[in-house]
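**Student:** Got a structure here, written out as structure tokens. Questions coming.
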Amino acid sequence: MNHLSEEQLILHYYGESDDAAAAGDALATERHLEECGECRALYVSLQRVLNVVDALPVPERSADYGAEVWQRIEHRLGARRS
Ligand SMILES: [Zn+2]
């Protein structure tokens with residue numbers, strides 16, 4: 001039996017199984033995961049990574065965003081340097 005690829009595991013994680021073929025794949029993947037500890041371990045660690053990725057917020061402005069903005073303004077104000 002072939003082991004599952006990382007790609008298959010990721011697809012399985014996201015449950016992309018709208019069409020019948022994919023649903024069959026999902027079933028085969030599930031069955032393989034039940035039987036194969038190696039792939040199950042890989043899937044579990046992958047799940048952990050994907051959970052973290054999904055939980056990540058949209059990148060926020062850096063903590064020194066204010067300073068960056070100020071620098072930009074200051075640069076423009078620099079014209080009136082004495
Ligand atoms: Zn396997």
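Just so we're on the same page: first chain in the structure tokens is A, next is B, and so on; residues restart at 1 for each chain, and ligands are numbered from 1 in the order they show up.
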So which residues are near ligand 1, meaning at most 8 Å away with only C-alpha atoms and all ligand atoms counted, given back as a list in words?

**Tutor:**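 Checked against 8 Å with only C-alpha atoms and all ligand atoms; the hits are Met1, Asn2, His3, Leu4, His32, Leu33, Glu35, Cys36, Gly37, Glu38, Cys39 and Arg40 of chain A.
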
**Student:** Please dump the current selection as a JSON list (two decimals), in the first residue's frame; keep N, CA, C and O atoms.

**Tutor:**
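The file below, out26.json, is the result:
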[["chain", "number", "residue", "atom", "x", "y", "z"],
["A", 1, "MET", "N", 0.85, -1.21, 0.00],
["A", 1, "MET", "CA", 0.00, 0.00, 0.00],
["A", 1, "MET", "C", 0.87, 1.25, 0.00],
["A", 1, "MET", "O", 1.83, 1.34, 0.74],
["A", 2, "ASN", "N", 0.52, 2.18, -0.86],
["A", 2, "ASN", "CA", 1.29, 3.42, -0.92],
["A", 2, "ASN", "C", 0.96, 4.32, 0.27],
["A", 2, "ASN", "O", -0.20, 4.39, 0.69],
["A", 3, "HIS", "N", 1.98, 4.94, 0.78],
["A", 3, "HIS", "CA", 1.74, 5.91, 1.84],
["A", 3, "HIS", "C", 1.13, 7.17, 1.26],
["A", 3, "HIS", "O", 1.25, 7.43, 0.07],
["A", 4, "LEU", "N", 0.50, 7.92, 2.13],
["A", 4, "LEU", "CA", -0.15, 9.15, 1.67],
["A", 4, "LEU", "C", 0.88, 10.25, 1.55],
["A", 4, "LEU", "O", 1.81, 10.34, 2.33],
["A", 32, "HIS", "N", -6.62, 4.55, 5.21],
["A", 32, "HIS", "CA", -5.18, 4.42, 5.31],
["A", 32, "HIS", "C", -4.69, 4.95, 6.65],
["A", 32, "HIS", "O", -3.84, 4.35, 7.30],
["A", 33, "LEU", "N", -5.26, 6.07, 7.07],
["A", 33, "LEU", "CA", -4.85, 6.67, 8.34],
["A", 33, "LEU", "C", -5.17, 5.74, 9.50],
["A", 33, "LEU", "O", -4.44, 5.70, 10.49],
["A", 35, "GLU", "N", -5.13, 2.54, 9.35],
["A", 35, "GLU", "CA", -4.27, 1.35, 9.31],
["A", 35, "GLU", "C", -2.79, 1.67, 9.45],
["A", 35, "GLU", "O", -2.01, 0.81, 9.83],
["A", 36, "CYS", "N", -2.42, 2.89, 9.13],
["A", 36, "CYS", "CA", -1.00, 3.22, 9.05],
["A", 36, "CYS", "C", -0.61, 4.25, 10.10],
["A", 36, "CYS", "O", -0.97, 5.43, 9.99],
["A", 37, "GLY", "N", 0.09, 3.79, 11.12],
["A", 37, "GLY", "CA", 0.51, 4.69, 12.20],
["A", 37, "GLY", "C", 1.46, 5.76, 11.70],
["A", 37, "GLY", "O", 1.46, 6.88, 12.22],
["A", 38, "GLU", "N", 2.26, 5.40, 10.71],
["A", 38, "GLU", "CA", 3.25, 6.33, 10.18],
["A", 38, "GLU", "C", 2.57, 7.57, 9.59],
["A", 38, "GLU", "O", 2.93, 8.70, 9.89],
["A", 39, "CYS", "N", 1.57, 7.31, 8.73],
["A", 39, "CYS", "CA", 0.86, 8.41, 8.10],
["A", 39, "CYS", "C", -0.01, 9.14, 9.12],
["A", 39, "CYS", "O", -0.21, 10.35, 9.01],
["A", 40, "ARG", "N", -0.51, 8.39, 10.10],
["A", 40, "ARG", "CA", -1.33, 9.02, 11.12],
["A", 40, "ARG", "C", -0.50, 10.02, 11.91],
["A", 40, "ARG", "O", -0.94, 11.13, 12.20]]

**Student:** Would you return as a VMD selection string the members of segment 21-62 of chain A that DSSP assigns to helix (DSSP H, G or I) on this structure's backbone?

**Tutor:** chain A and resid 21 to 35 37 to 55

**Student:** Hey, which of A:Glu74, A:Glu34, A:Asp64, A:Asp54 ends up closest to Tyr13 of chain A? Count only C-alpha atoms.

**Tutor:** A:Asp54

**Student:** Between A:Glu7, A:Ala67, A:Tyr14, A:Gly78, single out the one closest to Asn51 of chain A, counting only C-alpha atoms.

**Tutor:**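 Using only C-alpha atoms, the shortest distance to Asn51 of chain A belongs to A:Tyr14.
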